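Text of data.cif (mmCIF, C-alpha atoms) as supplied:
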```cif
data_work
#
loop_
_atom_site.group_PDB
_atom_site.id
_atom_site.type_symbol
_atom_site.label_atom_id
_atom_site.label_comp_id
_atom_site.auth_asym_id
_atom_site.auth_seq_id
_atom_site.Cartn_x
_atom_site.Cartn_y
_atom_site.Cartn_z
ATOM 1 C CA MET J 1 60.263 111.046 83.911
ATOM 2 C CA VAL J 2 62.744 110.583 86.752
ATOM 3 C CA THR J 3 62.494 112.199 90.190
ATOM 4 C CA ILE J 4 65.318 114.278 91.612
ATOM 5 C CA ASP J 5 65.820 111.853 94.510
ATOM 6 C CA SER J 6 65.704 108.613 92.511
ATOM 7 C CA ASP J 7 68.706 106.336 92.107
ATOM 8 C CA ALA J 8 68.603 106.950 88.348
ATOM 9 C CA GLU J 9 68.867 110.702 88.845
ATOM 10 C CA VAL J 10 71.774 110.219 91.244
ATOM 11 C CA ALA J 11 73.509 108.094 88.606
ATOM 12 C CA LEU J 12 72.862 110.810 86.011
ATOM 13 C CA ARG J 13 74.290 113.533 88.233
ATOM 14 C CA ALA J 14 77.319 111.475 89.195
ATOM 15 C CA ALA J 15 78.193 110.496 85.619
ATOM 16 C CA SER J 16 77.675 114.088 84.469
ATOM 17 C CA ALA J 17 79.990 115.373 87.201
ATOM 18 C CA GLY J 18 82.724 112.986 86.105
ATOM 19 C CA ALA J 19 82.172 113.876 82.459
ATOM 20 C CA ALA J 20 82.576 117.576 83.229
ATOM 21 C CA VAL J 21 86.011 116.911 84.715
ATOM 22 C CA VAL J 22 87.061 114.736 81.768
ATOM 23 C CA ARG J 23 85.974 117.450 79.358
ATOM 24 C CA GLU J 24 87.731 120.240 81.291
ATOM 25 C CA MET J 25 91.041 118.359 81.514
ATOM 26 C CA TYR J 26 91.068 117.278 77.874
ATOM 27 C CA GLY J 27 94.247 118.292 76.063
ATOM 28 C CA ALA J 28 96.128 119.261 79.228
ATOM 29 C CA PRO J 29 99.431 117.580 80.162
ATOM 30 C CA LEU J 30 98.428 114.618 82.336
ATOM 31 C CA THR J 31 100.456 112.657 84.864
ATOM 32 C CA ARG J 32 100.272 108.910 84.233
ATOM 33 C CA TYR J 33 100.048 106.293 86.965
ATOM 34 C CA GLU J 34 101.178 102.871 85.765
ATOM 35 C CA LYS J 35 99.080 99.868 86.777
ATOM 36 C CA GLY J 36 101.130 97.163 85.062
ATOM 37 C CA GLY J 37 100.490 95.095 81.980
ATOM 38 C CA GLY J 38 100.403 98.206 79.804
ATOM 39 C CA ASP J 39 97.454 99.669 81.715
ATOM 40 C CA PHE J 40 97.586 103.076 83.328
ATOM 41 C CA ALA J 41 95.459 105.830 84.817
ATOM 42 C CA THR J 42 95.850 109.571 84.336
ATOM 43 C CA ALA J 43 95.237 112.535 86.572
ATOM 44 C CA ALA J 44 91.932 112.934 84.727
ATOM 45 C CA ASP J 45 90.792 109.418 85.725
ATOM 46 C CA ILE J 46 91.495 110.197 89.367
ATOM 47 C CA ALA J 47 89.923 113.664 89.333
ATOM 48 C CA ALA J 48 86.828 112.420 87.510
ATOM 49 C CA GLU J 49 86.377 109.573 89.978
ATOM 50 C CA ALA J 50 86.643 112.027 92.873
ATOM 51 C CA ALA J 51 83.869 114.132 91.319
ATOM 52 C CA VAL J 52 81.635 111.059 90.870
ATOM 53 C CA LEU J 53 82.261 109.921 94.451
ATOM 54 C CA ASP J 54 81.431 113.389 95.814
ATOM 55 C CA VAL J 55 77.961 113.132 94.263
ATOM 56 C CA LEU J 56 77.376 109.569 95.430
ATOM 57 C CA ARG J 57 78.525 110.184 98.987
ATOM 58 C CA ALA J 58 76.396 113.292 99.303
ATOM 59 C CA ALA J 59 73.277 111.625 97.899
ATOM 60 C CA ARG J 60 73.705 108.048 99.176
ATOM 61 C CA PRO J 61 76.087 108.123 102.162
ATOM 62 C CA GLU J 62 75.055 104.662 103.382
ATOM 63 C CA ASP J 63 75.793 102.870 100.098
ATOM 64 C CA ALA J 64 79.034 101.055 99.325
ATOM 65 C CA VAL J 65 81.122 102.076 96.316
ATOM 66 C CA THR J 66 83.681 100.391 94.080
ATOM 67 C CA GLY J 67 85.729 102.783 91.980
ATOM 68 C CA GLU J 68 88.225 101.676 89.359
ATOM 69 C CA GLU J 69 90.900 103.935 90.791
ATOM 70 C CA SER J 70 90.057 104.103 94.503
ATOM 71 C CA GLY J 71 88.893 100.546 95.049
ATOM 72 C CA ALA J 72 86.090 99.335 97.303
ATOM 73 C CA THR J 73 84.645 101.199 100.267
ATOM 74 C CA GLY J 74 81.779 100.202 102.528
ATOM 75 C CA ALA J 75 80.793 96.756 103.787
ATOM 76 C CA ALA J 76 81.959 93.877 101.607
ATOM 77 C CA GLY J 77 78.474 92.351 101.621
ATOM 78 C CA ALA J 78 76.599 95.621 101.184
ATOM 79 C CA GLY J 79 73.105 95.333 99.753
ATOM 80 C CA ARG J 80 73.681 98.367 97.537
ATOM 81 C CA ARG J 81 76.963 99.076 95.775
ATOM 82 C CA TRP J 82 77.813 101.730 93.187
ATOM 83 C CA LEU J 83 80.235 100.710 90.427
ATOM 84 C CA VAL J 84 82.286 103.559 88.971
ATOM 85 C CA ASP J 85 84.512 103.686 85.899
ATOM 86 C CA PRO J 86 85.506 107.362 85.719
ATOM 87 C CA LEU J 87 87.137 107.264 82.282
ATOM 88 C CA CYS J 88 86.611 104.246 80.050
ATOM 89 C CA GLY J 89 88.994 104.724 77.151
ATOM 90 C CA THR J 90 91.964 106.141 79.052
ATOM 91 C CA LEU J 91 94.443 105.444 76.253
ATOM 92 C CA ASN J 92 92.118 107.084 73.725
ATOM 93 C CA TYR J 93 91.884 110.139 75.956
ATOM 94 C CA ALA J 94 95.606 110.307 76.678
ATOM 95 C CA VAL J 95 96.419 110.582 72.965
ATOM 96 C CA GLY J 96 93.700 113.131 72.215
ATOM 97 C CA ASN J 97 90.942 110.779 71.058
ATOM 98 C CA MET J 98 87.486 111.752 72.328
ATOM 99 C CA LEU J 99 85.970 108.247 72.306
ATOM 100 C CA VAL J 100 85.487 107.756 76.050
ATOM 101 C CA ALA J 101 82.740 107.239 78.607
ATOM 102 C CA VAL J 102 82.080 107.805 82.311
ATOM 103 C CA ASN J 103 80.153 104.841 83.741
ATOM 104 C CA VAL J 104 78.135 104.713 86.956
ATOM 105 C CA ALA J 105 75.875 101.812 87.986
ATOM 106 C CA LEU J 106 74.041 100.798 91.161
ATOM 107 C CA ARG J 107 73.975 97.088 91.943
ATOM 108 C CA ASP J 108 71.334 95.866 94.362
ATOM 109 C CA ALA J 109 72.141 92.510 95.921
ATOM 110 C CA SER J 110 68.622 91.205 95.359
ATOM 111 C CA SER J 111 67.633 92.942 92.110
ATOM 112 C CA GLY J 112 70.795 93.347 90.046
ATOM 113 C CA ILE J 113 71.595 96.670 88.369
ATOM 114 C CA VAL J 114 68.734 99.020 89.258
ATOM 115 C CA ALA J 115 70.107 102.302 87.904
ATOM 116 C CA ALA J 116 72.951 103.252 85.597
ATOM 117 C CA ALA J 117 74.333 106.087 83.509
ATOM 118 C CA SER J 118 77.033 106.255 80.841
ATOM 119 C CA ALA J 119 78.118 109.781 79.939
ATOM 120 C CA ASP J 120 79.863 110.922 76.769
ATOM 121 C CA PRO J 121 81.835 113.975 77.910
ATOM 122 C CA PHE J 122 82.217 115.437 74.427
ATOM 123 C CA SER J 123 78.765 115.016 72.926
ATOM 124 C CA GLY J 124 77.130 116.073 76.189
ATOM 125 C CA GLU J 125 74.888 112.990 76.070
ATOM 126 C CA VAL J 126 74.169 110.755 79.051
ATOM 127 C CA PHE J 127 72.670 107.328 78.381
ATOM 128 C CA TRP J 128 70.720 106.148 81.410
ATOM 129 C CA THR J 129 68.313 103.609 82.820
ATOM 130 C CA ASP J 130 66.134 103.247 85.885
ATOM 131 C CA GLY J 131 66.107 99.485 85.407
ATOM 132 C CA ALA J 132 62.799 99.546 83.539
ATOM 133 C CA GLY J 133 63.399 101.757 80.499
ATOM 134 C CA ALA J 134 66.414 103.348 78.838
ATOM 135 C CA TRP J 135 66.908 106.899 77.569
ATOM 136 C CA VAL J 136 69.526 109.339 76.361
ATOM 137 C CA ARG J 137 69.618 112.833 77.845
ATOM 138 C CA ASP J 138 71.070 115.441 75.502
ATOM 139 C CA ALA J 139 72.988 118.565 76.453
ATOM 140 C CA SER J 140 69.750 120.568 76.711
ATOM 141 C CA GLY J 141 68.312 118.120 79.259
ATOM 142 C CA ARG J 142 65.812 116.448 76.923
ATOM 143 C CA ASP J 143 65.306 112.695 77.323
ATOM 144 C CA ASP J 144 64.661 110.424 74.326
ATOM 145 C CA ARG J 145 63.965 106.715 74.617
ATOM 146 C CA LEU J 146 66.718 104.418 73.369
ATOM 147 C CA ILE J 147 65.599 102.269 70.434
ATOM 148 C CA PRO J 148 68.036 99.557 69.285
ATOM 149 C CA SER J 149 68.421 98.856 65.570
ATOM 150 C CA ALA J 150 70.711 96.604 63.558
ATOM 151 C CA GLY J 151 70.234 98.699 60.446
ATOM 152 C CA SER J 152 73.721 100.217 60.454
ATOM 153 C CA ARG J 153 75.348 96.720 60.327
ATOM 154 C CA LEU J 154 78.203 98.286 62.306
ATOM 155 C CA VAL J 155 79.720 95.954 64.900
ATOM 156 C CA ASP J 156 82.234 97.160 67.455
ATOM 157 C CA LEU J 157 84.855 94.657 68.585
ATOM 158 C CA ASN J 158 87.085 95.108 71.582
ATOM 159 C CA LEU J 159 90.501 93.893 70.420
ATOM 160 C CA ASP J 160 92.433 94.794 73.570
ATOM 161 C CA PRO J 161 94.274 92.000 75.401
ATOM 162 C CA PRO J 162 94.163 89.848 77.441
ATOM 163 C CA PHE J 163 92.362 87.124 75.504
ATOM 164 C CA PRO J 164 91.273 84.621 78.156
ATOM 165 C CA HIS J 165 89.366 82.382 75.730
ATOM 166 C CA ALA J 166 92.124 82.057 73.122
ATOM 167 C CA PRO J 167 92.665 80.014 71.071
ATOM 168 C CA GLY J 168 89.016 78.952 71.290
ATOM 169 C CA PHE J 169 87.782 82.485 70.690
ATOM 170 C CA ARG J 170 89.393 85.704 69.509
ATOM 171 C CA ALA J 171 87.284 88.675 68.497
ATOM 172 C CA VAL J 172 89.871 89.640 65.892
ATOM 173 C CA GLU J 173 89.350 86.338 64.061
ATOM 174 C CA LEU J 174 85.745 87.267 63.356
ATOM 175 C CA LEU J 175 87.109 89.849 60.932
ATOM 176 C CA ALA J 176 88.665 87.128 58.786
ATOM 177 C CA MET J 177 85.476 85.083 58.503
ATOM 178 C CA ALA J 178 83.704 85.450 55.174
ATOM 179 C CA GLU J 179 80.367 85.043 56.930
ATOM 180 C CA PHE J 180 80.997 88.158 59.030
ATOM 181 C CA ALA J 181 81.183 90.663 56.194
ATOM 182 C CA GLY J 182 80.133 88.795 53.084
ATOM 183 C CA GLY J 183 79.672 90.632 49.823
ATOM 184 C CA GLY J 184 77.656 93.623 50.976
ATOM 185 C CA ALA J 185 75.208 95.167 53.388
ATOM 186 C CA GLY J 186 72.392 92.963 54.586
ATOM 187 C CA GLY J 187 74.149 89.738 53.665
ATOM 188 C CA ALA J 188 74.582 90.129 49.896
ATOM 189 C CA GLY J 189 77.264 87.734 48.770
ATOM 190 C CA GLY J 190 76.535 85.096 51.397
ATOM 191 C CA GLY J 191 77.665 86.908 54.533
ATOM 192 C CA ALA J 192 75.998 88.891 57.275
ATOM 193 C CA GLY J 193 77.088 92.224 55.832
ATOM 194 C CA PHE J 194 78.560 93.437 59.128
ATOM 195 C CA ARG J 195 81.074 96.271 59.059
ATOM 196 C CA PRO J 196 83.594 96.220 61.897
ATOM 197 C CA ARG J 197 84.597 99.131 64.092
ATOM 198 C CA VAL J 198 87.098 99.349 66.947
ATOM 199 C CA VAL J 199 86.334 102.058 69.504
ATOM 200 C CA SER J 200 88.066 100.663 72.624
ATOM 201 C CA SER J 201 85.595 102.261 75.002
ATOM 202 C CA THR J 202 82.297 101.091 76.449
ATOM 203 C CA VAL J 203 80.631 104.120 74.910
ATOM 204 C CA ALA J 204 80.087 101.654 72.038
ATOM 205 C CA VAL J 205 77.885 99.504 74.283
ATOM 206 C CA ALA J 206 75.570 102.464 74.843
ATOM 207 C CA TRP J 207 75.546 103.026 71.080
ATOM 208 C CA VAL J 208 74.004 99.567 70.592
ATOM 209 C CA ALA J 209 71.134 100.559 72.888
ATOM 210 C CA ALA J 210 70.769 103.801 70.918
ATOM 211 C CA GLY J 211 70.642 102.110 67.496
ATOM 212 C CA ARG J 212 73.998 103.518 66.390
ATOM 213 C CA ARG J 213 75.649 100.111 66.354
ATOM 214 C CA ALA J 214 74.211 96.717 65.473
ATOM 215 C CA ALA J 215 76.312 94.914 68.071
ATOM 216 C CA TYR J 216 79.306 94.942 70.373
ATOM 217 C CA ILE J 217 81.625 92.005 71.131
ATOM 218 C CA THR J 218 84.365 91.654 73.714
ATOM 219 C CA ASP J 219 86.377 88.833 75.216
ATOM 220 C CA GLY J 220 86.870 88.710 78.969
ATOM 221 C CA GLY J 221 86.546 86.481 81.969
ATOM 222 C CA PRO J 222 83.404 85.757 84.015
ATOM 223 C CA GLY J 223 81.808 88.334 86.304
ATOM 224 C CA LEU J 224 81.300 91.135 83.789
ATOM 225 C CA ARG J 225 77.708 91.736 84.877
ATOM 226 C CA LEU J 226 77.916 91.731 88.651
ATOM 227 C CA ASP J 227 81.346 93.095 89.391
ATOM 228 C CA SER J 228 82.704 95.022 86.432
ATOM 229 C CA VAL J 229 82.945 98.777 86.822
ATOM 230 C CA HIS J 230 83.563 98.884 83.074
ATOM 231 C CA PHE J 231 80.538 97.006 81.761
ATOM 232 C CA ALA J 232 77.755 97.034 84.360
ATOM 233 C CA ALA J 233 76.274 100.348 83.208
ATOM 234 C CA GLY J 234 76.356 99.498 79.500
ATOM 235 C CA ILE J 235 74.856 96.052 79.999
ATOM 236 C CA ALA J 236 72.033 97.496 82.094
ATOM 237 C CA LEU J 237 71.305 100.125 79.430
ATOM 238 C CA CYS J 238 71.149 97.527 76.672
ATOM 239 C CA GLU J 239 68.965 95.122 78.606
ATOM 240 C CA ALA J 240 66.522 97.891 79.540
ATOM 241 C CA ALA J 241 66.392 99.029 75.898
ATOM 242 C CA GLY J 242 65.525 95.501 74.725
ATOM 243 C CA CYS J 243 68.860 94.364 73.301
ATOM 244 C CA VAL J 244 69.992 90.742 73.485
ATOM 245 C CA VAL J 245 72.941 90.382 75.881
ATOM 246 C CA THR J 246 74.872 87.173 76.617
ATOM 247 C CA GLY J 247 78.364 85.885 77.105
ATOM 248 C CA ILE J 248 80.290 84.608 74.096
ATOM 249 C CA ASP J 249 78.883 81.136 74.855
ATOM 250 C CA GLY J 250 75.286 82.338 74.654
ATOM 251 C CA LEU J 251 74.691 81.994 78.398
ATOM 252 C CA PRO J 252 73.676 84.846 80.716
ATOM 253 C CA VAL J 253 76.720 87.020 81.296
ATOM 254 C CA ASP J 254 76.877 86.305 85.018
ATOM 255 C CA GLU J 255 76.612 82.535 84.551
ATOM 256 C CA GLY J 256 78.753 81.524 81.592
ATOM 257 C CA ALA J 257 82.395 81.574 80.578
ATOM 258 C CA GLY J 258 82.518 85.347 80.156
ATOM 259 C CA GLY J 259 82.878 87.828 77.367
ATOM 260 C CA LEU J 260 79.971 89.729 75.839
ATOM 261 C CA ILE J 261 77.841 89.653 72.748
ATOM 262 C CA VAL J 262 75.484 92.639 72.863
ATOM 263 C CA ALA J 263 73.156 92.848 69.865
ATOM 264 C CA ALA J 264 70.318 95.103 68.819
ATOM 265 C CA ASP J 265 68.023 92.176 68.046
ATOM 266 C CA ARG J 266 67.798 88.409 68.321
ATOM 267 C CA GLU J 267 68.645 87.759 64.667
ATOM 268 C CA THR J 268 71.882 89.750 64.828
ATOM 269 C CA HIS J 269 72.795 88.096 68.107
ATOM 270 C CA GLY J 270 72.165 84.652 66.638
ATOM 271 C CA VAL J 271 74.460 85.267 63.681
ATOM 272 C CA LEU J 272 77.299 86.558 65.859
ATOM 273 C CA LEU J 273 76.884 83.811 68.436
ATOM 274 C CA GLY J 274 77.044 81.238 65.652
ATOM 275 C CA LEU J 275 80.294 82.717 64.358
ATOM 276 C CA ALA J 276 81.762 82.759 67.879
ATOM 277 C CA GLN J 277 80.785 79.138 68.426
ATOM 278 C CA ARG J 278 82.344 78.123 65.114
ATOM 279 C CA GLN J 279 85.675 79.371 66.469
ATOM 280 C CA ARG J 280 85.234 77.439 69.694
#
```

Show this structure as structure tokens.
Amino acid sequence: MVTIDSDAEVALRAASAGAAVVREMYGAPLTRYEKGGGDFATAADIAAEAAVLDVLRAARPEDAVTGEESGATGAAGAGRRWLVDPLCGTLNYAVGNMLVAVNVALRDASSGIVAAASADPFSGEVFWTDGAGAWVRDASGRDDRLIPSAGSRLVDLNLDPPFPHAPGFRAVELLAMAEFAGGGAGGAGGGAGFRPRVVSSTVAVAWVAAGRRAAYITDGGPGLRLDSVHFAAGIALCEAAGCVVTGIDGLPVDEGAGGLIVAADRETHGVLLGLAQRQR
């Protein structure tokens, strides 16, 4: 399905290498490196990023790289740039919560995200795309196509600050809207029947592509698609799987005000976008 020398396979190997480090260091005492504003990295973030970069530099030595912890290397205007988030969900991980992801994406200046992988270190799954289709590779190496579904009615909301669109939009306020949950699944009682979840890791974005979540919503400024080491891989997965992905204003994520509404289908996206616009 994917050749050993393809960009998608490189993304798979790199994300898997980072995931192996995250898994091995889980539960060990970890040095914290404060970043300010309540954010921090751990020794696992740094070690996992080093493992990802080793794979990328060996396979694609001419490409530029932006890592969350190590910053940007290579030409500023490089035609090909890898975006690396070695441990999305650092706070989860630091307190012994296994809801994390290792994200790797390749941005081509002319084509957008052309390959990406998001690895779950603890399930052994790697969600990946070659820009055309989207799959999940299990621990045995088998690939299954990702098929979005809104059937669960589960919606993940990122409630972490900052909230750049407040007071016009706050994800947390969706929870108080009768139209969000209503009286039961599927909209009984006059609402959409959504059931909220808070994972605080972009592994939830991959779950939308896989049909395990109906949608994912986050606040945030512009530039999530092109420049974000956190979201580029998940957005690419969802788009390749056929999900509907926009900013919170309904515009393409690299054109509008920012934020994300990622939904399994157009109907679910329309309901959530309508609720977001009611706030605004």

Can you list what the PyMOL selection byres ((chain J and resi 41-56) around 10) grabs from this structure, as a PyMOL selection string? chain J and resi 7+10-26+28-35+39-40+57-70+82+84-91+93-94+102-104

So what do you get for CA of Gly234 (chain J) versus CA of Ala178 (chain J), distance-wise? 29.0 Å

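Closest approach to Val100 (chain J) from the set J:Arg212, J:Arg153, J:His230, J:His269 is made by J:His230, with distances taken over only C-alpha atoms.
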
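Restricting the calculation to only C-alpha atoms, the smallest distance between Asp227 (chain J) and any of J:Phe122, J:Asp254, J:Gln277, J:Gly247 is found for J:Asp254.
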
The centre and edge lengths of an axis-aligned box containing all atoms of region 214-221 of chain J present in the file, extended by 6 Å on each side, are to be given in Å to one decimal, as JSON.
```
{"center_x": 80.5, "center_y": 91.6, "center_z": 73.7, "size_x": 24.7, "size_y": 22.2, "size_z": 28.5}
```

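Here the PyMOL selection byres ((chain J and resi 124) around 9) catches exactly these residues: Ser16, Ala19, Ala119, Asp120, Pro121, Phe122, Ser123, Glu125, Val126, Arg137, Asp138, Ala139 and Ser140 of chain J.
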
Those residues you just picked out, can you put them in a file as a PDB file, in the coordinates of the input with C-alpha atoms?
```
ATOM      1  CA  SER J  16      77.675 114.088  84.469  1.00  0.00           C
ATOM      2  CA  ALA J  19      82.172 113.876  82.459  1.00  0.00           C
ATOM      3  CA  ALA J 119      78.118 109.781  79.939  1.00  0.00           C
ATOM      4  CA  ASP J 120      79.863 110.922  76.769  1.00  0.00           C
ATOM      5  CA  PRO J 121      81.835 113.975  77.910  1.00  0.00           C
ATOM      6  CA  PHE J 122      82.217 115.437  74.427  1.00  0.00           C
ATOM      7  CA  SER J 123      78.765 115.016  72.926  1.00  0.00           C
ATOM      8  CA  GLU J 125      74.888 112.990  76.070  1.00  0.00           C
ATOM      9  CA  VAL J 126      74.169 110.755  79.051  1.00  0.00           C
ATOM     10  CA  ARG J 137      69.618 112.833  77.845  1.00  0.00           C
ATOM     11  CA  ASP J 138      71.070 115.441  75.502  1.00  0.00           C
ATOM     12  CA  ALA J 139      72.988 118.565  76.453  1.00  0.00           C
ATOM     13  CA  SER J 140      69.750 120.568  76.711  1.00  0.00           C
TER      14      SER J 140
END
```

Ground truth for the PyMOL selection byres ((chain J and resi 131) around 8), written as number ranges by chain: J: 113-116, 129-130, 132-134, 236-237, 240

From the options J:Pro167, J:Gly141, J:Gly27, J:Pro196, which residue's atoms come nearest to Gly96 (chain J), counting only C-alpha atoms? J:Gly27

Give me, please, the distance in Å between CA of Gly36 (chain J) and CA of Asn158 (chain J), quoted to one decimal. 19.6 Å

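Counting from CA of Val198 (chain J), the distance to CA of Leu159 (chain J) is 7.3 Å.
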
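Restricting the calculation to all atoms listed in the file, the smallest distance between Arg81 (chain J) and any of J:Ile217, J:Val203, J:Ala276, J:Ala105 is found for J:Ala105.
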
Counting all atoms listed in the file, the residue among J:Leu260, J:Ala233, J:Ala176, J:Val271 that lies closest to Gly112 (chain J) is J:Ala233

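Between Gly38 (chain J) and the candidates J:Thr73, J:Asp160, J:Gly79, J:Arg142, the tightest atom-to-atom separation, counting all atoms listed in the file, involves J:Asp160.
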
What lies within 7 Å of Val155 (chain J) using only C-alpha atoms, ignoring chain neighbours under 4 positions off, as a PyMOL selection string? chain J and resi 194-197+213-216
